>>> print(open('upload-v8.pdb').read())   # PDB, C-alpha atoms and all ligand atoms
ATOM      1  CA  MET E  27      -0.941 -27.863 -18.115
ATOM      2  CA  THR E  28      -0.397 -31.415 -19.355
ATOM      3  CA  THR E  29      -0.466 -31.737 -23.137
ATOM      4  CA  ALA E  30       0.049 -34.856 -25.237
ATOM      5  CA  THR E  31       0.102 -34.890 -29.036
ATOM      6  CA  ALA E  32      -0.338 -37.904 -31.295
ATOM      7  CA  GLN E  33      -0.487 -38.596 -34.989
ATOM      8  CA  ALA E  34      -2.401 -41.334 -36.824
ATOM      9  CA  HIS E  35      -3.147 -42.108 -40.464
ATOM     10  CA  PRO E  36      -6.332 -43.172 -42.229
ATOM     11  CA  ASN E  37      -6.821 -46.782 -43.218
ATOM     12  CA  ILE E  38      -8.627 -48.292 -46.175
ATOM     13  CA  ALA E  39     -10.355 -51.603 -45.581
ATOM     14  CA  LEU E  40      -9.750 -54.489 -47.981
ATOM     15  CA  VAL E  41     -12.518 -56.363 -46.149
ATOM     16  CA  LYS E  42     -15.035 -53.827 -44.909
ATOM     17  CA  TYR E  43     -16.597 -53.252 -41.538
ATOM     18  CA  TRP E  44     -20.274 -52.554 -42.124
ATOM     19  CA  GLY E  45     -22.743 -53.163 -39.298
ATOM     20  CA  LYS E  46     -22.596 -53.381 -35.530
ATOM     21  CA  ARG E  47     -23.502 -56.148 -33.132
ATOM     22  CA  ASP E  48     -23.447 -53.672 -30.258
ATOM     23  CA  GLU E  49     -23.765 -49.989 -31.016
ATOM     24  CA  ASP E  50     -22.746 -48.735 -27.576
ATOM     25  CA  LEU E  51     -19.579 -50.832 -27.379
ATOM     26  CA  VAL E  52     -18.982 -50.513 -31.158
ATOM     27  CA  LEU E  53     -18.644 -54.242 -31.685
ATOM     28  CA  PRO E  54     -18.733 -55.129 -35.385
ATOM     29  CA  LEU E  55     -20.898 -57.812 -36.963
ATOM     30  CA  ALA E  56     -17.801 -59.334 -38.534
ATOM     31  CA  GLY E  57     -14.039 -58.827 -38.545
ATOM     32  CA  SER E  58     -12.328 -56.628 -41.141
ATOM     33  CA  LEU E  59      -8.871 -56.074 -42.616
ATOM     34  CA  SER E  60      -7.216 -52.844 -43.738
ATOM     35  CA  MET E  61      -4.086 -51.036 -44.792
ATOM     36  CA  THR E  62      -3.020 -47.977 -42.808
ATOM     37  CA  LEU E  63      -1.798 -45.322 -45.246
ATOM     38  CA  ASP E  64       1.404 -43.293 -45.165
ATOM     39  CA  ALA E  65      -0.584 -40.213 -46.268
ATOM     40  CA  LEU E  66      -3.180 -37.744 -44.977
ATOM     41  CA  PRO E  67      -2.534 -37.974 -41.226
ATOM     42  CA  THR E  68      -4.495 -36.445 -38.377
ATOM     43  CA  THR E  69      -2.508 -34.750 -35.617
ATOM     44  CA  THR E  70      -4.313 -34.285 -32.315
ATOM     45  CA  SER E  71      -3.298 -32.727 -29.032
ATOM     46  CA  VAL E  72      -5.087 -33.143 -25.709
ATOM     47  CA  THR E  73      -4.459 -30.470 -23.096
ATOM     48  CA  LEU E  74      -5.857 -31.103 -19.629
ATOM     49  CA  ASP E  75      -7.447 -27.956 -18.260
ATOM     50  CA  PRO E  76      -8.245 -28.157 -14.515
ATOM     51  CA  SER E  77     -10.180 -24.874 -14.683
ATOM     52  CA  ALA E  78     -12.526 -25.933 -17.531
ATOM     53  CA  ARG E  79     -16.067 -27.124 -16.833
ATOM     54  CA  GLU E  80     -16.604 -28.585 -20.315
ATOM     55  CA  ASP E  81     -14.405 -30.192 -22.936
ATOM     56  CA  ALA E  82     -13.552 -28.114 -25.985
ATOM     57  CA  PHE E  83     -12.751 -29.363 -29.488
ATOM     58  CA  GLU E  84     -11.105 -27.486 -32.312
ATOM     59  CA  LEU E  85     -10.967 -29.103 -35.756
ATOM     60  CA  ASN E  86      -8.646 -27.581 -38.358
ATOM     61  CA  GLY E  87      -8.498 -24.378 -36.322
ATOM     62  CA  GLU E  88     -12.304 -23.984 -35.999
ATOM     63  CA  PRO E  89     -14.151 -24.546 -32.698
ATOM     64  CA  ALA E  90     -16.502 -27.517 -33.092
ATOM     65  CA  SER E  91     -20.000 -27.701 -31.598
ATOM     66  CA  GLY E  92     -23.081 -29.934 -31.715
ATOM     67  CA  GLU E  93     -22.738 -33.642 -32.446
ATOM     68  CA  ARG E  94     -19.065 -33.357 -33.405
ATOM     69  CA  LEU E  95     -18.152 -31.899 -30.000
ATOM     70  CA  ARG E  96     -20.454 -34.324 -28.137
ATOM     71  CA  ARG E  97     -18.774 -37.300 -29.805
ATOM     72  CA  VAL E  98     -15.342 -36.132 -28.676
ATOM     73  CA  ALA E  99     -16.608 -35.309 -25.154
ATOM     74  CA  ARG E 100     -18.255 -38.753 -24.837
ATOM     75  CA  PHE E 101     -14.977 -40.312 -25.907
ATOM     76  CA  LEU E 102     -13.027 -38.313 -23.318
ATOM     77  CA  ASP E 103     -15.564 -39.459 -20.694
ATOM     78  CA  LEU E 104     -14.551 -43.050 -21.501
ATOM     79  CA  ALA E 105     -10.869 -42.190 -21.074
ATOM     80  CA  ARG E 106     -11.617 -40.406 -17.778
ATOM     81  CA  GLU E 107     -13.706 -43.348 -16.553
ATOM     82  CA  ARG E 108     -10.710 -45.634 -17.169
ATOM     83  CA  ALA E 109      -8.392 -43.183 -15.407
ATOM     84  CA  GLY E 110     -10.574 -43.125 -12.262
ATOM     85  CA  GLY E 111     -10.765 -40.282  -9.724
ATOM     86  CA  GLU E 112     -11.898 -36.917 -11.071
ATOM     87  CA  PRO E 113      -9.591 -36.085 -13.958
ATOM     88  CA  PRO E 114      -9.916 -32.636 -15.535
ATOM     89  CA  ARG E 115     -11.685 -31.690 -18.747
ATOM     90  CA  ALA E 116      -9.625 -31.205 -21.856
ATOM     91  CA  ILE E 117      -9.053 -29.029 -24.870
ATOM     92  CA  VAL E 118      -8.662 -31.157 -27.993
ATOM     93  CA  ARG E 119      -7.048 -29.647 -31.080
ATOM     94  CA  SER E 120      -7.098 -31.723 -34.210
ATOM     95  CA  ARG E 121      -5.822 -31.184 -37.719
ATOM     96  CA  ASN E 122      -6.724 -33.400 -40.694
ATOM     97  CA  GLU E 123      -4.844 -33.490 -43.944
ATOM     98  CA  ALA E 124      -7.677 -35.470 -45.558
ATOM     99  CA  PRO E 125     -10.967 -33.741 -46.407
ATOM    100  CA  THR E 126     -13.282 -34.462 -43.449
ATOM    101  CA  GLY E 127     -16.324 -36.608 -44.207
ATOM    102  CA  ALA E 128     -15.495 -37.459 -47.816
ATOM    103  CA  GLY E 129     -15.042 -41.190 -47.321
ATOM    104  CA  LEU E 130     -11.299 -40.970 -46.721
ATOM    105  CA  ALA E 131     -11.522 -42.241 -43.167
ATOM    106  CA  SER E 132     -10.743 -39.047 -41.249
ATOM    107  CA  SER E 133     -12.745 -40.432 -38.324
ATOM    108  CA  ALA E 134     -10.411 -43.450 -38.253
ATOM    109  CA  SER E 135      -7.216 -41.386 -38.090
ATOM    110  CA  GLY E 136      -8.980 -38.873 -35.825
ATOM    111  CA  PHE E 137     -10.074 -41.280 -33.098
ATOM    112  CA  ALA E 138      -6.838 -43.297 -33.291
ATOM    113  CA  ALA E 139      -4.824 -40.109 -32.693
ATOM    114  CA  LEU E 140      -7.256 -38.995 -29.983
ATOM    115  CA  ALA E 141      -7.106 -42.391 -28.242
ATOM    116  CA  LEU E 142      -3.329 -42.160 -28.020
ATOM    117  CA  ALA E 143      -3.142 -38.471 -27.050
ATOM    118  CA  ALA E 144      -5.891 -38.887 -24.418
ATOM    119  CA  SER E 145      -4.289 -42.076 -23.051
ATOM    120  CA  ALA E 146      -0.965 -40.267 -22.662
ATOM    121  CA  ALA E 147      -2.576 -37.181 -21.094
ATOM    122  CA  TYR E 148      -4.717 -39.177 -18.629
ATOM    123  CA  GLY E 149      -2.006 -41.750 -17.860
ATOM    124  CA  LEU E 150      -3.803 -44.783 -19.355
ATOM    125  CA  PRO E 151      -2.064 -47.888 -20.757
ATOM    126  CA  ARG E 152      -0.645 -47.325 -24.234
ATOM    127  CA  ASP E 153      -0.131 -50.857 -25.491
ATOM    128  CA  ALA E 154      -1.591 -51.481 -28.955
ATOM    129  CA  ARG E 155      -4.448 -53.624 -27.667
ATOM    130  CA  SER E 156      -5.654 -51.087 -25.073
ATOM    131  CA  LEU E 157      -5.371 -48.243 -27.580
ATOM    132  CA  SER E 158      -7.214 -50.157 -30.286
ATOM    133  CA  ARG E 159     -10.026 -51.098 -27.892
ATOM    134  CA  LEU E 160     -10.366 -47.485 -26.803
ATOM    135  CA  ALA E 161     -10.152 -46.042 -30.342
ATOM    136  CA  ARG E 162     -12.888 -48.472 -31.408
ATOM    137  CA  ARG E 163     -15.351 -46.750 -29.061
ATOM    138  CA  GLY E 164     -14.854 -43.463 -30.935
ATOM    139  CA  SER E 165     -15.243 -44.918 -34.419
ATOM    140  CA  GLY E 166     -15.054 -48.593 -35.287
ATOM    141  CA  SER E 167     -12.547 -48.215 -38.111
ATOM    142  CA  ALA E 168     -10.250 -46.213 -35.789
ATOM    143  CA  ALA E 169      -9.410 -49.492 -34.019
ATOM    144  CA  ARG E 170      -7.382 -50.381 -37.155
ATOM    145  CA  SER E 171      -5.555 -47.032 -37.532
ATOM    146  CA  VAL E 172      -3.770 -47.634 -34.230
ATOM    147  CA  VAL E 173      -1.846 -50.365 -36.075
ATOM    148  CA  GLY E 174       0.671 -49.706 -38.852
ATOM    149  CA  GLY E 175       0.815 -51.631 -42.146
ATOM    150  CA  PHE E 176      -1.977 -54.186 -42.433
ATOM    151  CA  ALA E 177      -4.423 -54.767 -39.584
ATOM    152  CA  VAL E 178      -7.102 -57.320 -38.787
ATOM    153  CA  TRP E 179      -9.828 -56.093 -36.469
ATOM    154  CA  HIS E 180     -11.390 -59.036 -34.634
ATOM    155  CA  ALA E 181     -15.164 -59.064 -34.154
ATOM    156  CA  GLY E 182     -14.934 -60.412 -30.556
ATOM    157  CA  ASP E 183     -16.453 -58.889 -27.431
ATOM    158  CA  ASP E 184     -15.472 -55.722 -25.564
ATOM    159  CA  GLU E 185     -12.205 -57.295 -24.355
ATOM    160  CA  THR E 186     -11.252 -59.100 -27.537
ATOM    161  CA  SER E 187     -12.469 -56.744 -30.256
ATOM    162  CA  TYR E 188      -9.269 -54.952 -31.238
ATOM    163  CA  ALA E 189      -6.989 -54.763 -34.250
ATOM    164  CA  GLU E 190      -3.607 -56.378 -34.636
ATOM    165  CA  ALA E 191      -0.981 -56.416 -37.336
ATOM    166  CA  ILE E 192      -0.933 -59.045 -40.075
ATOM    167  CA  ASP E 193       1.937 -59.586 -42.517
ATOM    168  CA  GLY E 194       1.167 -59.099 -46.158
ATOM    169  CA  PRO E 195       2.758 -58.358 -49.514
ATOM    170  CA  ASP E 196       3.753 -54.767 -50.199
ATOM    171  CA  LEU E 197       0.827 -52.965 -51.853
ATOM    172  CA  ARG E 198       0.052 -49.504 -53.113
ATOM    173  CA  MET E 199      -3.248 -47.680 -53.061
ATOM    174  CA  VAL E 200      -4.065 -45.046 -55.644
ATOM    175  CA  ILE E 201      -6.630 -42.752 -54.053
ATOM    176  CA  VAL E 202      -8.874 -41.201 -56.684
ATOM    177  CA  THR E 203     -10.720 -38.194 -55.301
ATOM    178  CA  VAL E 204     -13.735 -37.552 -57.491
ATOM    179  CA  ASP E 205     -15.610 -35.455 -54.950
ATOM    180  CA  GLY E 206     -14.161 -33.637 -51.921
ATOM    181  CA  SER E 207     -17.453 -32.595 -50.329
ATOM    182  CA  GLY E 208     -18.880 -34.151 -47.157
ATOM    183  CA  LYS E 209     -21.056 -37.245 -47.255
ATOM    184  CA  ALA E 210     -24.842 -36.973 -47.146
ATOM    185  CA  VAL E 211     -25.436 -39.791 -44.650
ATOM    186  CA  SER E 212     -22.863 -40.699 -41.966
ATOM    187  CA  SER E 213     -21.624 -44.294 -41.899
ATOM    188  CA  ARG E 214     -23.054 -44.645 -38.414
ATOM    189  CA  GLU E 215     -26.565 -43.719 -39.550
ATOM    190  CA  ALA E 216     -26.236 -45.679 -42.795
ATOM    191  CA  MET E 217     -25.134 -48.833 -40.945
ATOM    192  CA  ARG E 218     -28.127 -48.513 -38.668
ATOM    193  CA  ARG E 219     -30.523 -48.087 -41.596
ATOM    194  CA  THR E 220     -28.968 -50.989 -43.497
ATOM    195  CA  ALA E 221     -29.367 -53.304 -40.496
ATOM    196  CA  LEU E 222     -32.967 -52.256 -39.884
ATOM    197  CA  THR E 223     -34.290 -52.249 -43.445
ATOM    198  CA  SER E 224     -32.156 -54.200 -45.930
ATOM    199  CA  PRO E 225     -33.529 -57.637 -46.849
ATOM    200  CA  PHE E 226     -29.933 -58.612 -47.722
ATOM    201  CA  HIS E 227     -28.389 -57.715 -44.388
ATOM    202  CA  ASP E 228     -27.951 -61.265 -43.017
ATOM    203  CA  ALA E 229     -26.405 -62.401 -46.289
ATOM    204  CA  TRP E 230     -23.975 -59.485 -46.140
ATOM    205  CA  ALA E 231     -22.918 -60.380 -42.575
ATOM    206  CA  LEU E 232     -22.250 -63.979 -43.603
ATOM    207  CA  SER E 233     -20.393 -62.929 -46.736
ATOM    208  CA  ALA E 234     -18.213 -60.422 -44.842
ATOM    209  CA  ALA E 235     -17.053 -63.136 -42.420
ATOM    210  CA  GLN E 236     -16.287 -65.486 -45.342
ATOM    211  CA  SER E 237     -14.407 -62.718 -47.194
ATOM    212  CA  LEU E 238     -12.247 -62.122 -44.133
ATOM    213  CA  ASP E 239     -11.266 -65.811 -43.905
ATOM    214  CA  ALA E 240     -10.453 -65.851 -47.626
ATOM    215  CA  MET E 241      -8.515 -62.583 -47.329
ATOM    216  CA  ILE E 242      -6.418 -63.809 -44.401
ATOM    217  CA  ALA E 243      -5.521 -66.899 -46.466
ATOM    218  CA  ALA E 244      -4.590 -64.672 -49.450
ATOM    219  CA  PHE E 245      -2.413 -62.556 -47.155
ATOM    220  CA  ARG E 246      -0.710 -65.688 -45.864
ATOM    221  CA  ASP E 247       0.087 -66.629 -49.479
ATOM    222  CA  ALA E 248       1.082 -63.006 -50.305
ATOM    223  CA  ASP E 249      -1.175 -63.377 -53.365
ATOM    224  CA  VAL E 250      -1.895 -59.848 -54.620
ATOM    225  CA  THR E 251      -4.325 -60.983 -57.324
ATOM    226  CA  ARG E 252      -6.489 -62.876 -54.820
ATOM    227  CA  ILE E 253      -6.281 -59.985 -52.342
ATOM    228  CA  GLY E 254      -7.473 -57.576 -55.017
ATOM    229  CA  ARG E 255     -10.307 -59.796 -56.224
ATOM    230  CA  ILE E 256     -11.641 -60.366 -52.720
ATOM    231  CA  ALA E 257     -11.323 -56.653 -51.874
ATOM    232  CA  GLU E 258     -13.223 -55.500 -54.960
ATOM    233  CA  SER E 259     -16.052 -57.988 -54.586
ATOM    234  CA  ASN E 260     -16.349 -57.273 -50.854
ATOM    235  CA  ALA E 261     -16.556 -53.518 -51.515
ATOM    236  CA  LEU E 262     -19.221 -53.916 -54.201
ATOM    237  CA  ARG E 263     -21.239 -56.197 -51.939
ATOM    238  CA  MET E 264     -21.052 -53.585 -49.178
ATOM    239  CA  HIS E 265     -22.299 -50.882 -51.545
ATOM    240  CA  ALA E 266     -25.017 -53.251 -52.775
ATOM    241  CA  VAL E 267     -26.350 -53.845 -49.258
ATOM    242  CA  ILE E 268     -26.194 -50.100 -48.531
ATOM    243  CA  GLN E 269     -28.193 -49.361 -51.688
ATOM    244  CA  SER E 270     -30.793 -51.900 -50.626
ATOM    245  CA  ALA E 271     -31.667 -49.945 -47.452
ATOM    246  CA  ASP E 272     -34.998 -48.127 -47.236
ATOM    247  CA  PRO E 273     -34.838 -45.234 -47.991
ATOM    248  CA  PRO E 274     -31.867 -46.238 -50.175
ATOM    249  CA  ILE E 275     -28.408 -44.767 -49.703
ATOM    250  CA  ARG E 276     -26.011 -44.562 -52.612
ATOM    251  CA  TYR E 277     -22.481 -43.351 -51.973
ATOM    252  CA  LEU E 278     -21.056 -44.161 -55.397
ATOM    253  CA  GLY E 279     -21.884 -41.607 -58.077
ATOM    254  CA  PRO E 280     -21.267 -41.765 -61.843
ATOM    255  CA  ALA E 281     -17.689 -40.520 -61.383
ATOM    256  CA  SER E 282     -17.010 -43.296 -58.848
ATOM    257  CA  VAL E 283     -18.441 -45.957 -61.159
ATOM    258  CA  ALA E 284     -16.244 -44.612 -63.966
ATOM    259  CA  VAL E 285     -13.172 -45.357 -61.821
ATOM    260  CA  PHE E 286     -14.347 -48.923 -61.104
ATOM    261  CA  ASP E 287     -14.903 -49.382 -64.866
ATOM    262  CA  ALA E 288     -11.493 -47.924 -65.735
ATOM    263  CA  VAL E 289      -9.780 -50.271 -63.285
ATOM    264  CA  ARG E 290     -11.575 -53.247 -64.827
ATOM    265  CA  ARG E 291     -10.568 -52.083 -68.315
ATOM    266  CA  LEU E 292      -6.933 -51.697 -67.239
ATOM    267  CA  ARG E 293      -7.084 -55.202 -65.812
ATOM    268  CA  GLY E 294      -8.203 -56.433 -69.216
ATOM    269  CA  GLU E 295      -5.088 -54.766 -70.636
ATOM    270  CA  GLY E 296      -2.844 -56.662 -68.221
ATOM    271  CA  LEU E 297      -2.474 -54.242 -65.292
ATOM    272  CA  ASP E 298      -3.322 -56.202 -62.143
ATOM    273  CA  ALA E 299      -5.402 -53.589 -60.293
ATOM    274  CA  TYR E 300      -8.599 -53.678 -58.245
ATOM    275  CA  ALA E 301     -10.925 -51.048 -56.819
ATOM    276  CA  THR E 302     -12.593 -50.393 -53.493
ATOM    277  CA  ALA E 303     -14.532 -47.519 -51.916
ATOM    278  CA  ASP E 304     -15.659 -46.610 -48.415
ATOM    279  CA  ALA E 305     -18.822 -44.728 -47.427
ATOM    280  CA  GLY E 306     -18.296 -41.918 -49.902
ATOM    281  CA  PRO E 307     -17.809 -41.287 -53.624
ATOM    282  CA  ASN E 308     -14.016 -41.555 -53.755
ATOM    283  CA  VAL E 309     -12.403 -44.730 -55.057
ATOM    284  CA  VAL E 310      -9.148 -46.404 -54.096
ATOM    285  CA  ALA E 311      -7.335 -48.640 -56.575
ATOM    286  CA  ILE E 312      -5.054 -51.389 -55.262
ATOM    287  CA  CYS E 313      -1.954 -52.685 -57.035
ATOM    288  CA  ARG E 314       1.639 -53.898 -56.676
ATOM    289  CA  PRO E 315       4.253 -51.188 -55.992
ATOM    290  CA  GLU E 316       5.782 -51.524 -59.467
ATOM    291  CA  ASP E 317       2.409 -50.795 -61.140
ATOM    292  CA  ALA E 318       1.464 -47.754 -59.031
ATOM    293  CA  ALA E 319       2.879 -45.056 -61.316
ATOM    294  CA  ASP E 320       1.171 -46.496 -64.433
ATOM    295  CA  LEU E 321      -2.096 -46.942 -62.556
ATOM    296  CA  ALA E 322      -2.004 -43.381 -61.173
ATOM    297  CA  ARG E 323      -1.282 -41.996 -64.655
ATOM    298  CA  ALA E 324      -4.145 -43.985 -66.194
ATOM    299  CA  LEU E 325      -6.639 -42.848 -63.523
ATOM    300  CA  ALA E 326      -5.554 -39.192 -63.374
ATOM    301  CA  PRO E 327      -8.116 -38.003 -65.969
ATOM    302  CA  LEU E 328     -10.907 -39.253 -63.648
ATOM    303  CA  GLY E 329     -10.028 -37.319 -60.471
ATOM    304  CA  GLY E 330      -7.242 -36.157 -58.186
ATOM    305  CA  VAL E 331      -4.820 -39.053 -57.698
ATOM    306  CA  ARG E 332      -2.446 -39.767 -54.877
ATOM    307  CA  VAL E 333      -0.416 -42.907 -54.287
ATOM    308  CA  ALA E 334      -0.204 -44.263 -50.732
ATOM    309  CA  ALA E 335       1.986 -47.016 -49.313
ATOM    310  CA  PRO E 336       1.546 -48.877 -46.010
ATOM    311  CA  GLY E 337       2.094 -46.342 -43.240
ATOM    312  CA  PRO E 338       2.854 -46.239 -39.526
ATOM    313  CA  GLY E 339       0.524 -46.876 -36.614
ATOM    314  CA  ALA E 340      -0.443 -44.151 -34.160
ATOM    315  CA  THR E 341       2.578 -42.435 -32.639
ATOM    316  CA  LEU E 342       3.039 -39.985 -29.824
ATOM    317  CA  THR E 343       4.789 -36.905 -31.128
ATOM    318  CA  ALA E 344       4.950 -34.912 -27.871
ATOM    319  CA  GLY E 345       4.131 -35.187 -24.208
ATOM    320  CA  ALA E 346       4.970 -38.840 -23.558
ATOM    321  CA  ALA E 347       4.739 -39.559 -19.863
ATOM    322  CA  ALA E 348       6.992 -42.336 -18.551
TER     323      ALA E 348
HETATM  324  C1  LIG E 401     -17.271 -47.965 -45.025
HETATM  325  O1  LIG E 401     -15.766 -46.535 -38.532
HETATM  326  O2  LIG E 401     -16.825 -44.574 -39.715
HETATM  327  O3  LIG E 401     -15.303 -47.094 -44.010
HETATM  328  O4  LIG E 401     -18.024 -47.116 -36.117
HETATM  329  O5  LIG E 401     -20.069 -45.864 -36.803
HETATM  330  O6  LIG E 401     -17.906 -44.651 -36.464
HETATM  331  P1  LIG E 401     -18.575 -45.950 -36.889
HETATM  332  O7  LIG E 401     -18.264 -46.172 -38.418
HETATM  333  P2  LIG E 401     -16.933 -45.964 -39.257
HETATM  334  O8  LIG E 401     -17.280 -46.895 -40.507
HETATM  335  C2  LIG E 401     -16.408 -47.133 -41.546
HETATM  336  C3  LIG E 401     -17.061 -47.943 -42.583
HETATM  337  C4  LIG E 401     -16.291 -48.093 -43.875
HETATM  338  C5  LIG E 401     -15.657 -49.478 -43.976
HETATM  339  C6  LIG E 401     -14.405 -49.720 -43.179
HETATM  340  O9  LIG E 401     -13.618 -48.787 -42.930
HETATM  341  O10 LIG E 401     -14.185 -50.895 -42.842
END
>>> encode(input="upload-v8.pdb", output="structure tokens")
Amino acid sequence: MTTATAQAHPNIALVKYWGKRDEDLVLPLAGSLSMTLDALPTTTSVTLDPSAREDAFELNGEPASGERLRRVARFLDLARERAGGEPPRAIVRSRNEAPTGAGLASSASGFAALALAASAAYGLPRDARSLSRLARRGSGSAARSVVGGFAVWHAGDDETSYAEAIDGPDLRMVIVTVDGSGKAVSSREAMRRTALTSPFHDAWALSAAQSLDAMIAAFRDADVTRIGRIAESNALRMHAVIQSADPPIRYLGPASVAVFDAVRRLRGEGLDAYATADAGPNVVAICRPEDAADLARALAPLGGVRVAAPGPGATLTAGAAA
């Protein structure tokens, strides 16, 4: 049986993706920019099984069912549609080093790895653009995990909405895990609710596009201070618009806020660090490489800390067809 295995890493957005223009095609309201980490990868294998009538999905050694399985099966349908003919069903085995659903982007690394493994197994194109477009359909942020280092994901349309690499200064991210449990409301559902009910939604969409322009300029100038400032304000604006949904959703708890406050205090003491957080309670602090050890030491009393550097894009680890 044909098997292909791929590995991809999570990414943390410095300008966030929050909101879709087209839910089916997973087209974002605005572009976003992220760093792919060198930590916490997902490794996924796709084995084509000509005798199977349904797809199967195993996550961290446990068979998955319900919505989790359906999401993977729908994704494989897209890959099979692109392959044409009547390609077989597949067994997908996936292993995450990051805690699933705790705001550390396991869906990003997961669908980036799956896009590459499925493309190799079904004989689809494996150039970065095709992979990013396909990964996007599984989870928007996965479009960026296909790319190593820093990535800009263009808003675009189905053809042009993909991520590509952007040069930037070397950065470190100190991941502060304050809570390893799953999130209460998925980002998909929370984005939907924000769009439907927040009175601030249009302002957020405008601000996100402006933040991306400003961030790209800061990257061009390799200006870490500007990058950090834009990232922190963009993250807090995202959490503000999420909190303004009805019923409200609040991902940041007291322990998360304590990390934001500690980072601001450290900044006052001369350490140039900034904070961001995705759709979960854990916080990521951004700094220059030479400040990472001090920052990690200062934040260690507030949660589990781990320093990440820019990491590789999705790679095929086994089963590469010519
Ligand atoms: C807060 O990519 O998980 O992490 O496209 O619905 O699967 P779907 O959403 P997802 O959203 C991630 C949102 C975020 C910000 C970001 O990574 O840019």
>>> residues_around(input="upload-v8.pdb", residues="E:Gly254", least_positions_apart="4", cutoff="9 Å", atoms="all atoms listed in the file", output="NGL selection string")
:E and (40 or 249-250 or 258-259 or 298-302 or 312-313)
>>> write_last_selection(input="upload-v8.pdb", atoms="C-alpha atoms", output="PDB file, in the coordinates of the input")
ATOM      1  CA  LEU E  40      -9.750 -54.489 -47.981  1.00  0.00           C
ATOM      2  CA  ASP E 249      -1.175 -63.377 -53.365  1.00  0.00           C
ATOM      3  CA  VAL E 250      -1.895 -59.848 -54.620  1.00  0.00           C
ATOM      4  CA  GLU E 258     -13.223 -55.500 -54.960  1.00  0.00           C
ATOM      5  CA  SER E 259     -16.052 -57.988 -54.586  1.00  0.00           C
ATOM      6  CA  ASP E 298      -3.322 -56.202 -62.143  1.00  0.00           C
ATOM      7  CA  ALA E 299      -5.402 -53.589 -60.293  1.00  0.00           C
ATOM      8  CA  TYR E 300      -8.599 -53.678 -58.245  1.00  0.00           C
ATOM      9  CA  ALA E 301     -10.925 -51.048 -56.819  1.00  0.00           C
ATOM     10  CA  THR E 302     -12.593 -50.393 -53.493  1.00  0.00           C
ATOM     11  CA  ILE E 312      -5.054 -51.389 -55.262  1.00  0.00           C
ATOM     12  CA  CYS E 313      -1.954 -52.685 -57.035  1.00  0.00           C
TER      13      CYS E 313
END
>>> residues_near_ligand(input="upload-v8.pdb", ligand="ligand LIG 401 (chain E)", cutoff="9 Å", atoms="all atoms listed in the file", output="ChimeraX atom specification")
/E:37-46,49,52-54,58-60,129-134,162-170,212-218,261,264-265,303-306
>>> residues_around(input="upload-v8.pdb", residues="E:Leu321", least_positions_apart="6", cutoff="9 Å", atoms="all atoms listed in the file", output="list of chain:residue names")
E:Val200, E:Val289, E:Leu292, E:Leu297, E:Ala299, E:Ala311, E:Cys313
>>> resolve_selection(input="upload-v8.pdb", expression="the PyMOL selection byres (((chain E and resi 195) around 8) and not hetatm)", output="list in words")
Asp193, Gly194, Asp196, Leu197, Phe245, Ala248, Asp249 and Val250 of chain E
>>> residues_around(input="upload-v8.pdb", residues="stretch 270-275 of chain E", least_positions_apart="6", cutoff="9 Å", atoms="only C-alpha atoms", output="PyMOL selection string")
chain E and resi 210-211+216+219-227
